[in-house]
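Quick look at my_file_25.cif (mmCIF, C-alpha atoms):
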```cif
data_start
loop_
_atom_site.label_atom_id
_atom_site.label_comp_id
_atom_site.auth_asym_id
_atom_site.auth_seq_id
_atom_site.Cartn_x
_atom_site.Cartn_y
_atom_site.Cartn_z
CA MET A 1 126.58 123.09 113.25
CA LEU A 2 126.05 119.81 111.41
CA ASN A 3 122.30 120.43 111.35
CA GLU A 4 122.90 123.75 109.63
CA ALA A 5 125.26 122.05 107.17
CA LEU A 6 122.63 119.39 106.46
CA ILE A 7 119.90 121.97 105.88
CA LYS A 8 122.28 123.93 103.65
CA THR A 9 123.10 120.85 101.57
CA LEU A 10 119.44 119.87 101.22
CA THR A 11 118.54 123.43 100.27
CA GLN A 12 121.27 123.52 97.63
CA ASN A 13 119.91 120.26 96.18
CA CYS A 14 116.38 121.59 95.98
CA ALA A 15 115.89 121.42 92.22
CA PRO A 16 112.34 122.00 90.96
CA ILE A 17 110.44 118.73 91.08
CA ARG A 18 107.11 117.72 89.56
CA PRO A 19 104.63 116.53 92.22
CA LEU A 20 103.28 113.05 91.64
CA ALA A 21 99.90 112.91 89.93
CA HIS A 22 96.82 111.67 91.81
CA PRO A 23 97.05 107.89 92.50
CA ALA A 24 93.90 107.22 90.43
CA LYS A 25 95.39 109.03 87.44
CA ARG A 26 98.68 107.10 87.74
CA ALA A 27 96.72 103.86 88.06
CA LEU A 28 94.83 104.61 84.85
CA VAL A 29 98.10 105.33 83.03
CA TRP A 30 99.57 102.04 84.26
CA PHE A 31 96.40 100.10 83.46
CA THR A 32 96.11 101.53 79.94
CA VAL A 33 99.74 100.67 79.09
CA SER A 34 99.46 97.21 80.69
CA LEU A 35 96.14 96.53 78.98
CA CYS A 36 97.72 97.25 75.59
CA TYR A 37 100.46 94.75 76.45
CA VAL A 38 97.91 92.17 77.66
CA ALA A 39 95.84 92.66 74.47
CA ILE A 40 98.94 91.78 72.43
CA VAL A 41 99.58 88.70 74.61
CA VAL A 42 95.94 87.55 74.25
CA ALA A 43 96.07 88.14 70.49
CA PHE A 44 99.28 86.12 70.35
CA MET A 45 97.84 83.22 72.42
CA GLY A 46 94.52 83.44 70.56
CA ILE A 47 91.12 84.51 71.86
CA ARG A 48 88.97 81.63 73.03
CA PRO A 49 86.63 80.44 70.24
CA ASP A 50 83.47 80.85 72.34
CA PHE A 51 84.37 84.39 73.37
CA LEU A 52 81.21 86.10 72.08
CA SER A 53 78.85 83.63 73.71
CA LYS A 54 80.83 83.71 76.98
CA VAL A 55 80.78 87.50 77.17
CA ALA A 56 76.99 87.35 77.07
CA ASP A 57 77.07 85.14 80.19
CA PRO A 58 76.65 87.48 83.20
CA GLN A 59 78.69 85.21 85.49
CA PHE A 60 81.67 85.17 83.11
CA ALA A 61 81.38 88.89 82.32
CA THR A 62 81.20 89.76 86.04
CA GLU A 63 84.20 87.54 86.79
CA VAL A 64 86.41 89.09 84.08
CA ALA A 65 85.25 92.64 84.84
CA ALA A 66 85.90 92.10 88.57
CA ALA A 67 89.42 90.83 87.79
CA PHE A 68 90.23 93.91 85.70
CA LEU A 69 88.61 96.29 88.22
CA THR A 70 90.53 94.61 91.05
CA SER A 71 93.68 95.23 89.01
CA VAL A 72 93.13 98.94 88.40
CA VAL A 73 91.86 99.69 91.92
CA ALA A 74 94.74 97.72 93.50
CA ALA A 75 97.15 99.76 91.37
CA ALA A 76 95.54 102.96 92.66
CA GLY A 77 95.87 101.58 96.20
CA ALA A 78 99.57 100.83 95.66
CA PHE A 79 100.20 104.39 94.44
CA SER A 80 98.14 105.79 97.31
CA ALA A 81 100.17 103.77 99.84
CA GLY A 82 103.30 105.57 98.59
CA CYS A 83 101.83 109.01 99.27
CA PRO A 84 102.00 109.89 102.99
CA ALA A 85 98.74 110.80 104.74
CA ARG A 86 96.40 109.68 101.98
CA PRO A 87 93.19 108.05 103.31
CA ILE A 88 93.74 104.45 104.44
CA TRP A 89 90.53 103.21 102.73
CA GLU A 90 92.16 103.80 99.34
CA ARG A 91 94.57 100.95 100.09
CA PHE A 92 91.75 98.51 100.73
CA ALA A 93 89.26 99.62 98.08
CA ALA A 94 90.39 96.77 95.80
CA GLY A 95 88.93 94.39 98.38
CA ILE A 96 85.40 95.25 97.15
CA PHE A 97 86.16 94.02 93.63
CA LEU A 98 88.12 91.08 94.97
CA PHE A 99 84.98 90.17 96.90
CA VAL A 100 82.85 90.50 93.73
CA TRP A 101 85.38 88.32 91.88
CA VAL A 102 85.16 85.61 94.58
CA GLY A 103 81.37 85.97 94.48
CA ALA A 104 81.29 85.41 90.71
CA LEU A 105 83.50 82.32 91.13
CA ALA A 106 81.21 81.05 93.89
CA VAL A 107 78.19 81.48 91.61
CA GLY A 108 80.08 79.46 88.95
CA CYS A 109 80.74 76.69 91.47
CA TRP A 110 77.09 76.69 92.45
CA ARG A 111 76.05 76.39 88.81
CA ASP A 112 78.44 73.48 88.30
CA VAL A 113 76.95 71.67 91.29
CA ASP A 114 73.47 72.35 89.94
CA ALA A 115 74.35 71.02 86.48
CA PHE A 116 76.69 68.10 87.29
CA GLY A 117 76.10 67.36 90.97
CA VAL A 118 78.91 67.28 93.52
CA SER A 119 81.15 65.62 90.90
CA GLY A 120 81.09 69.02 89.13
CA LEU A 121 83.23 70.34 91.95
CA LEU A 122 86.00 67.81 91.35
CA SER A 123 88.92 69.78 90.05
CA HIS A 124 91.66 68.49 87.81
CA SER A 125 95.17 69.83 88.27
CA ASP A 126 95.85 72.93 86.20
CA ILE A 127 99.23 73.88 87.59
CA ASP A 128 100.15 75.61 84.29
CA CYS A 129 98.05 78.57 85.42
CA LEU A 130 100.65 79.59 87.98
CA PRO A 131 103.64 80.03 85.61
CA THR A 132 101.37 81.48 82.89
CA ILE A 133 99.95 84.14 85.20
CA LEU A 134 103.46 84.83 86.51
CA ALA A 135 104.88 85.20 82.98
CA ILE A 136 102.07 87.46 81.76
CA SER A 137 102.20 89.64 84.86
CA ILE A 138 105.98 90.22 84.96
CA PRO A 139 106.16 93.16 82.46
CA ALA A 140 103.14 94.84 84.11
CA ALA A 141 104.70 94.19 87.53
CA LEU A 142 108.03 95.74 86.48
CA LEU A 143 106.22 98.81 85.17
CA ILE A 144 104.20 99.30 88.35
CA LEU A 145 107.31 98.68 90.47
CA SER A 146 109.18 101.45 88.70
CA MET A 147 106.17 103.71 89.30
CA VAL A 148 105.69 102.91 93.01
CA LYS A 149 109.40 103.47 93.62
CA ARG A 150 108.79 107.17 92.96
CA GLY A 151 106.62 107.26 96.07
CA ALA A 152 107.61 107.13 99.73
CA PRO A 153 108.36 103.66 101.17
CA ILE A 154 106.16 104.23 104.22
CA ALA A 155 104.14 101.00 103.83
CA PRO A 156 106.38 98.71 101.75
CA PHE A 157 104.55 95.42 102.36
CA VAL A 158 101.13 96.84 101.49
CA THR A 159 102.47 98.75 98.49
CA ILE A 160 104.22 95.74 96.96
CA GLY A 161 101.30 93.43 97.82
CA LEU A 162 98.84 95.73 96.05
CA ALA A 163 101.18 96.18 93.08
CA ALA A 164 101.48 92.39 92.77
CA LEU A 165 97.69 91.99 93.08
CA ALA A 166 97.21 94.56 90.31
CA SER A 167 99.62 92.75 87.96
CA THR A 168 98.42 89.21 88.66
CA ALA A 169 94.70 90.09 88.55
CA LEU A 170 95.29 91.65 85.14
CA ALA A 171 97.06 88.48 83.98
CA ALA A 172 94.28 86.27 85.39
CA GLY A 173 91.65 88.34 83.56
CA ALA A 174 93.64 88.01 80.34
CA LEU A 175 93.93 84.26 80.86
CA ARG A 176 90.11 83.95 81.02
CA LEU A 177 89.87 85.62 77.62
CA SER A 178 92.29 83.15 76.10
CA PHE A 179 92.11 79.80 77.91
CA ARG A 180 89.03 77.64 77.63
CA GLN A 181 88.98 76.59 81.25
CA ASP A 182 85.45 76.89 82.56
CA ALA A 183 85.27 74.49 85.52
CA ALA A 184 84.60 77.08 88.22
CA VAL A 185 86.49 75.18 90.90
CA SER A 186 89.58 74.91 88.70
CA VAL A 187 89.40 78.64 87.93
CA CYS A 188 88.96 79.32 91.63
CA ILE A 189 91.86 77.15 92.78
CA TRP A 190 94.37 77.47 89.95
CA GLN A 191 93.77 80.96 88.61
CA PHE A 192 92.45 82.92 91.60
CA GLY A 193 94.68 80.83 93.89
CA SER A 194 97.74 81.74 91.79
CA VAL A 195 96.84 85.44 92.10
CA ILE A 196 96.56 85.22 95.89
CA LEU A 197 99.71 83.08 96.22
CA LEU A 198 101.85 85.37 94.04
CA THR A 199 100.49 88.46 95.81
CA GLY A 200 101.34 86.98 99.19
CA ILE A 201 104.85 85.98 98.15
CA ALA A 202 105.55 89.36 96.52
CA SER A 203 104.38 91.31 99.58
CA LEU A 204 106.97 89.48 101.70
CA PHE A 205 109.64 91.25 99.62
CA GLY A 206 108.16 94.67 100.37
CA ARG A 207 111.05 95.95 102.42
CA VAL A 208 113.63 94.53 99.99
CA LEU A 209 112.05 96.23 97.00
CA LEU A 210 111.10 99.52 98.65
CA HIS A 211 113.56 101.10 101.06
CA TRP A 212 115.32 104.32 101.90
CA THR A 213 118.81 103.25 100.67
CA MET A 214 119.82 106.46 98.94
CA ARG A 215 118.72 108.49 101.89
CA ASP A 216 120.57 106.29 104.35
CA GLU A 217 123.83 106.67 102.43
CA LEU A 218 123.47 110.43 102.53
CA ILE A 219 122.71 110.37 106.27
CA ALA A 220 125.65 108.06 106.98
CA SER A 221 127.93 110.45 105.12
CA PHE A 222 126.75 113.40 107.25
CA GLN A 223 127.07 111.46 110.50
CA ALA A 224 130.58 110.25 109.59
CA HIS A 225 131.60 113.87 109.08
CA ARG A 226 130.26 114.80 112.49
CA ARG A 227 132.28 112.06 114.17
CA MET B 1 106.62 122.80 100.62
CA ALA B 2 104.84 123.86 97.44
CA SER B 3 107.55 126.52 96.97
CA ALA B 4 110.23 123.88 97.60
CA GLN B 5 108.73 121.72 94.85
CA ASP B 6 109.09 124.75 92.57
CA GLY B 7 112.79 125.00 93.51
CA ASP B 8 112.58 128.03 95.86
CA GLN B 9 115.74 127.43 97.95
CA ALA B 10 115.14 130.29 100.41
CA ALA B 11 111.63 129.10 101.28
CA TYR B 12 112.85 125.51 101.55
CA GLY B 13 115.75 126.45 103.86
CA GLU B 14 113.37 128.42 106.08
CA LEU B 15 110.91 125.51 106.18
CA LEU B 16 113.59 122.95 107.15
CA SER B 17 115.00 125.26 109.85
CA ASP B 18 111.51 125.73 111.29
CA LEU B 19 110.85 121.99 111.16
CA PHE B 20 114.00 120.98 113.04
CA PRO B 21 112.81 121.84 116.60
CA VAL B 22 109.31 120.53 115.84
CA LEU B 23 110.71 117.20 114.70
CA ARG B 24 113.13 116.99 117.63
CA ARG B 25 110.19 117.38 120.05
CA PHE B 26 108.25 114.78 118.07
CA VAL B 27 111.11 112.27 118.21
CA MET B 28 111.67 112.85 121.94
CA ARG B 29 107.96 112.38 122.65
CA ARG B 30 107.71 109.20 120.56
CA TRP B 31 110.98 107.74 121.73
CA PRO B 32 112.01 109.33 125.05
CA ASN B 33 115.04 107.07 125.52
CA ALA B 34 116.61 107.96 122.18
CA HIS B 35 120.28 108.78 122.71
CA ASP B 36 120.65 109.86 119.13
CA ALA B 37 117.52 111.96 118.63
CA GLU B 38 119.49 114.40 116.48
CA ASP B 39 120.46 111.59 114.09
CA VAL B 40 116.82 110.51 113.79
CA VAL B 41 115.73 114.10 113.09
CA GLN B 42 118.38 114.29 110.37
CA GLU B 43 117.08 111.02 108.90
CA ILE B 44 113.58 112.50 108.82
CA LEU B 45 114.79 115.69 107.12
CA VAL B 46 116.65 113.74 104.43
CA SER B 47 113.60 111.49 103.94
CA ILE B 48 111.35 114.54 103.53
CA HIS B 49 113.79 115.88 100.96
CA THR B 50 113.91 112.68 98.93
CA VAL B 51 110.14 112.15 98.80
CA ARG B 52 109.06 115.77 98.49
CA GLN B 53 107.45 114.93 95.14
CA THR B 54 104.79 112.93 97.06
CA TYR B 55 103.42 116.06 98.75
CA ASP B 56 100.03 116.89 97.28
CA ARG B 57 99.49 120.67 97.25
CA GLY B 58 95.77 120.20 97.64
CA ARG B 59 96.17 118.42 100.98
CA PRO B 60 97.38 119.64 104.41
CA PHE B 61 101.14 119.59 105.02
CA ILE B 62 101.32 118.53 108.70
CA PRO B 63 99.73 115.04 108.30
CA TRP B 64 102.11 114.41 105.37
CA LEU B 65 105.09 115.47 107.46
CA MET B 66 104.06 113.52 110.55
CA THR B 67 103.40 110.31 108.59
CA ILE B 68 106.99 110.37 107.31
CA ALA B 69 108.33 111.31 110.75
CA ALA B 70 106.43 108.49 112.48
CA ARG B 71 107.61 105.98 109.87
CA ARG B 72 111.24 107.03 110.22
CA VAL B 73 111.12 106.96 114.03
CA ALA B 74 109.74 103.41 113.84
CA ASP B 75 112.47 102.43 111.32
CA ALA B 76 115.17 103.95 113.54
CA ALA B 77 113.82 102.18 116.64
CA ARG B 78 113.76 98.86 114.80
CA THR B 79 117.31 99.32 113.48
CA ARG B 80 118.67 100.32 116.90
CA TYR B 81 116.82 97.47 118.59
CA ALA B 82 118.25 94.96 116.09
CA ARG B 83 121.73 96.40 116.61
CA ALA B 84 121.34 96.18 120.40
CA ASN B 85 120.52 92.49 120.07
CA GLU B 86 123.62 91.71 118.04
CA THR B 87 125.99 89.34 119.78
CA ALA B 88 129.30 90.95 120.50
CA VAL B 89 132.31 89.08 119.16
CA ASP B 90 134.88 87.91 121.61
CA VAL B 91 137.66 90.32 122.39
CA LEU B 92 140.68 89.54 120.26
CA PRO B 93 143.55 87.93 122.15
CA GLU B 94 145.92 90.50 123.56
CA THR B 95 149.40 90.73 122.14
CA PHE B 96 152.48 92.47 123.40
CA HIS B 97 151.68 95.28 120.94
CA GLY B 98 148.14 95.79 122.33
CA ASP B 99 147.53 98.27 125.14
CA GLY B 100 145.94 95.58 127.29
CA ALA B 101 149.25 93.72 127.61
CA LYS B 102 151.13 96.81 128.72
CA SER B 103 151.35 98.73 131.91
CA ASP B 104 149.55 102.07 132.09
CA GLN B 105 152.88 103.84 131.90
CA GLU B 106 153.91 101.96 128.71
CA ALA B 107 150.55 102.72 127.03
CA ARG B 108 150.89 106.40 127.95
CA ASP B 109 154.42 106.43 126.51
CA ASP B 110 153.19 104.90 123.23
CA ARG B 111 150.45 107.48 122.90
CA GLU B 112 152.87 110.31 123.62
CA ALA B 113 155.37 108.95 121.04
CA LEU B 114 152.60 108.76 118.44
CA ARG B 115 151.49 112.30 119.26
CA GLN B 116 155.03 113.56 118.79
CA ALA B 117 155.46 111.62 115.51
CA LEU B 118 152.19 113.13 114.27
CA ALA B 119 153.24 116.63 115.31
CA ILE B 120 156.37 116.64 113.14
CA LEU B 121 154.39 115.88 109.95
CA PRO B 122 153.68 118.63 107.44
CA VAL B 123 150.15 120.07 107.77
CA GLY B 124 148.74 118.28 104.69
CA GLN B 125 150.02 114.84 105.73
CA ARG B 126 148.85 115.33 109.32
CA GLN B 127 145.37 116.31 108.12
CA ALA B 128 145.20 113.21 105.91
CA ILE B 129 146.16 110.94 108.83
CA GLU B 130 143.69 112.63 111.19
CA LEU B 131 140.76 112.42 108.79
CA ILE B 132 141.31 108.93 107.39
CA LYS B 133 143.18 106.95 110.04
CA ILE B 134 141.84 108.60 113.19
CA GLN B 135 138.33 109.88 112.29
CA GLY B 136 137.73 106.96 109.91
CA LEU B 137 136.52 108.93 106.86
CA SER B 138 136.71 107.26 103.46
CA LEU B 139 139.13 108.62 100.86
CA ASN B 140 136.24 110.19 98.95
CA GLU B 141 134.85 111.86 102.06
CA ALA B 142 138.29 113.14 103.06
CA SER B 143 138.75 114.41 99.51
CA ARG B 144 135.52 116.41 99.80
CA VAL B 145 136.54 117.83 103.19
CA THR B 146 140.10 118.84 102.18
CA GLY B 147 139.50 119.65 98.54
CA LYS B 148 142.45 117.40 97.58
CA SER B 149 142.27 114.57 95.06
CA VAL B 150 142.03 110.95 96.26
CA GLY B 151 145.42 110.20 94.69
CA SER B 152 147.07 113.07 96.52
CA LEU B 153 145.56 111.88 99.82
CA LYS B 154 146.88 108.34 99.24
CA VAL B 155 150.38 109.68 98.59
CA GLY B 156 150.11 111.92 101.67
CA ILE B 157 149.14 109.00 103.90
CA HIS B 158 151.89 106.80 102.50
CA ARG B 159 154.54 109.45 103.16
CA ALA B 160 153.10 110.29 106.56
CA VAL B 161 153.15 106.64 107.70
CA LYS B 162 156.76 106.28 106.54
CA ALA B 163 157.80 109.48 108.32
CA MET B 164 156.01 108.43 111.53
CA ARG B 165 157.62 104.98 111.42
CA ARG B 166 161.04 106.57 111.06
CA ALA B 167 160.33 108.93 113.94
CA LEU B 168 159.10 106.09 116.20
CA GLU B 169 162.10 103.90 115.34
CA GLY B 170 164.35 106.86 116.11
CA ASN B 171 162.66 107.24 119.52
CA GLY B 172 162.86 103.48 120.19
#
```

Is it possible to give me this structure as structure tokens?
Amino acid sequence: MLNEALIKTLTQNCAPIRPLAHPAKRALVWFTVSLCYVAIVVAFMGIRPDFLSKVADPQFATEVAAAFLTSVVAAAGAFSAGCPARPIWERFAAGIFLFVWVGALAVGCWRDVDAFGVSGLLSHSDIDCLPTILAISIPAALLILSMVKRGAPIAPFVTIGLAALASTALAAGALRLSFRQDAAVSVCIWQFGSVILLTGIASLFGRVLLHWTMRDELIASFQAHRR
Amino acid sequence: MASAQDGDQAAYGELLSDLFPVLRRFVMRRWPNAHDAEDVVQEILVSIHTVRQTYDRGRPFIPWLMTIAARRVADAARTRYARANETAVDVLPETFHGDGAKSDQEARDDREALRQALAILPVGQRQAIELIKIQGLSLNEASRVTGKSVGSLKVGIHRAVKAMRRALEGNG
């Protein structure tokens, strides 16, 4: 009897609904909007004076491109994780660009050792990177959070982790265009490290940020009526 | 499901009715010891309803359905397991008003007196007491069930409690 009542209620609440677009398409929308925001932030902070010469450096160009590609592919992975039964590899595709990013940083470290010896690997503290990346990534993170909440919370930790990776990688890429910090080890520890740290912390809040609350209230109401 | 996304209520109702036995079998197979399999199936149906926008028409329906079902069964198992591990609070000390401090005969007498006090209430007041004080519904839920306003239910309960108290004092 209650089952019939539940089905009847759900049927009555079956308003036409627009299916979610493909995760890649949603990721591109998010990335385009966030990139516009990041461009404004970089313009506000000022582009690094040696930008043109740095862009011509393959190591730097690969590093920045890998950061931005990690961002957009991680966003697609986050949206994919909210769509039941999508291929699992989509969630981990960002790992390829993350690997390229680490590779570019490793090449930078190698070059520093070659040019300055082992002393080139000595890093000075650049703790400012952490709050800067956090501050730049917050608006992009809020936007992607509102978008992933439209999906199903079937893998909350992975979804939030990927969303955080997308936002922080974007912020780290933007930081490279603005800050003149070229010691590869410092970039590796303070910028890439901040991205990984913030991603890890955010993913711990997966179940807090993505849950079935509304649904549970509705279910509780039905079950109270049965009792 | 594609028709449901377009707002076709008949097709959606038919789909949910067809899914119910399938999901019940799925829950029982995944979680044979579930005492509340029906509740879990209901949770799955509501979850399907609330995330129906995530269904991609270009992809098969069954894997989509079963991914949600598996997730909800796991959530339900975790919730029930956590609840089972909760430490029960100590039983409150018995008082002379509690059934535990009375003889079986006295407890039976109390219940009978309450039943009689309830029986003399007008239908509306009795329904309010049954729904809110006995079944434990909230005022809003009782309002939806009876069609009465929350204010009217509050007044009904207040009058009913006064009338029952008078009746019990008269018996005592």

Where does the PyMOL selection byres ((chain A and resi 11) around 12) land in this file, that is, which residues does it pick, as a PyMOL selection string? (chain A and resi 4-10+12-16) or (chain B and resi 1+3-5+7-17+45-46+48-50)

Show me, as JSON, numbers by chain, the residues that have an atom within 10 Å of A:Leu197 when counting all atoms listed in the file, minus same-chain residues fewer than 4 positions from it. {"A": [130, 165, 168, 190, 191, 192, 193, 201, 202]}

Just C-alpha atoms for this one: save the residues we selected as a short mmCIF file (atom, residue, chain, number, x, y, z; two decimals), keeping the file's coordinate frame.
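After the write, selection-v6.cif holds the following:
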```
data_model
loop_
_atom_site.label_atom_id
_atom_site.label_comp_id
_atom_site.auth_asym_id
_atom_site.auth_seq_id
_atom_site.Cartn_x
_atom_site.Cartn_y
_atom_site.Cartn_z
CA LEU A 130 100.65 79.59 87.98
CA LEU A 165 97.69 91.99 93.08
CA THR A 168 98.42 89.21 88.66
CA TRP A 190 94.37 77.47 89.95
CA GLN A 191 93.77 80.96 88.61
CA PHE A 192 92.45 82.92 91.60
CA GLY A 193 94.68 80.83 93.89
CA ILE A 201 104.85 85.98 98.15
CA ALA A 202 105.55 89.36 96.52
#
```

To one decimal in Å, tell me the separation between atom CA of A:Val55 and atom CA of A:Ile127.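 Atom-to-atom, atom CA of A:Val55 and atom CA of A:Ile127 are spaced 25.2 Å apart.
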
Selection result for the PyMOL selection byres ((chain B and resi 67) around 12) on this file, as a ChimeraX atom specification: /A:81-87,152-155 /B:23,26,44,47-48,54-55,60-66,68-74

Keeping only C-alpha atoms, write the selected residues to a file as a PDB file, keeping the file's coordinate frame.
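Wrote result_20.pdb, looks like this:
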```pdb
ATOM      1  CA  ALA A  81     100.170 103.770  99.840  1.00  0.00           C
ATOM      2  CA  GLY A  82     103.300 105.570  98.590  1.00  0.00           C
ATOM      3  CA  CYS A  83     101.830 109.010  99.270  1.00  0.00           C
ATOM      4  CA  PRO A  84     102.000 109.890 102.990  1.00  0.00           C
ATOM      5  CA  ALA A  85      98.740 110.800 104.740  1.00  0.00           C
ATOM      6  CA  ARG A  86      96.400 109.680 101.980  1.00  0.00           C
ATOM      7  CA  PRO A  87      93.190 108.050 103.310  1.00  0.00           C
ATOM      8  CA  ALA A 152     107.610 107.130  99.730  1.00  0.00           C
ATOM      9  CA  PRO A 153     108.360 103.660 101.170  1.00  0.00           C
ATOM     10  CA  ILE A 154     106.160 104.230 104.220  1.00  0.00           C
ATOM     11  CA  ALA A 155     104.140 101.000 103.830  1.00  0.00           C
TER      12      ALA A 155
ATOM     13  CA  LEU B  23     110.710 117.200 114.700  1.00  0.00           C
ATOM     14  CA  PHE B  26     108.250 114.780 118.070  1.00  0.00           C
ATOM     15  CA  ILE B  44     113.580 112.500 108.820  1.00  0.00           C
ATOM     16  CA  SER B  47     113.600 111.490 103.940  1.00  0.00           C
ATOM     17  CA  ILE B  48     111.350 114.540 103.530  1.00  0.00           C
ATOM     18  CA  THR B  54     104.790 112.930  97.060  1.00  0.00           C
ATOM     19  CA  TYR B  55     103.420 116.060  98.750  1.00  0.00           C
ATOM     20  CA  PRO B  60      97.380 119.640 104.410  1.00  0.00           C
ATOM     21  CA  PHE B  61     101.140 119.590 105.020  1.00  0.00           C
ATOM     22  CA  ILE B  62     101.320 118.530 108.700  1.00  0.00           C
ATOM     23  CA  PRO B  63      99.730 115.040 108.300  1.00  0.00           C
ATOM     24  CA  TRP B  64     102.110 114.410 105.370  1.00  0.00           C
ATOM     25  CA  LEU B  65     105.090 115.470 107.460  1.00  0.00           C
ATOM     26  CA  MET B  66     104.060 113.520 110.550  1.00  0.00           C
ATOM     27  CA  ILE B  68     106.990 110.370 107.310  1.00  0.00           C
ATOM     28  CA  ALA B  69     108.330 111.310 110.750  1.00  0.00           C
ATOM     29  CA  ALA B  70     106.430 108.490 112.480  1.00  0.00           C
ATOM     30  CA  ARG B  71     107.610 105.980 109.870  1.00  0.00           C
ATOM     31  CA  ARG B  72     111.240 107.030 110.220  1.00  0.00           C
ATOM     32  CA  VAL B  73     111.120 106.960 114.030  1.00  0.00           C
ATOM     33  CA  ALA B  74     109.740 103.410 113.840  1.00  0.00           C
TER      34      ALA B  74
END
```

Could you state which residues are captured by the PyMOL selection byres ((chain A and resi 64) around 10) in this file, as a PyMOL selection string? chain A and resi 55+58-63+65-70+101+104+169-170+172-177

For atom CA of B:Ser149 and atom CA of B:Ala128, quote the distance in Å rounded to one decimal.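 Answer for the atom CA of B:Ser149 to atom CA of B:Ala128 separation: 11.3 Å.
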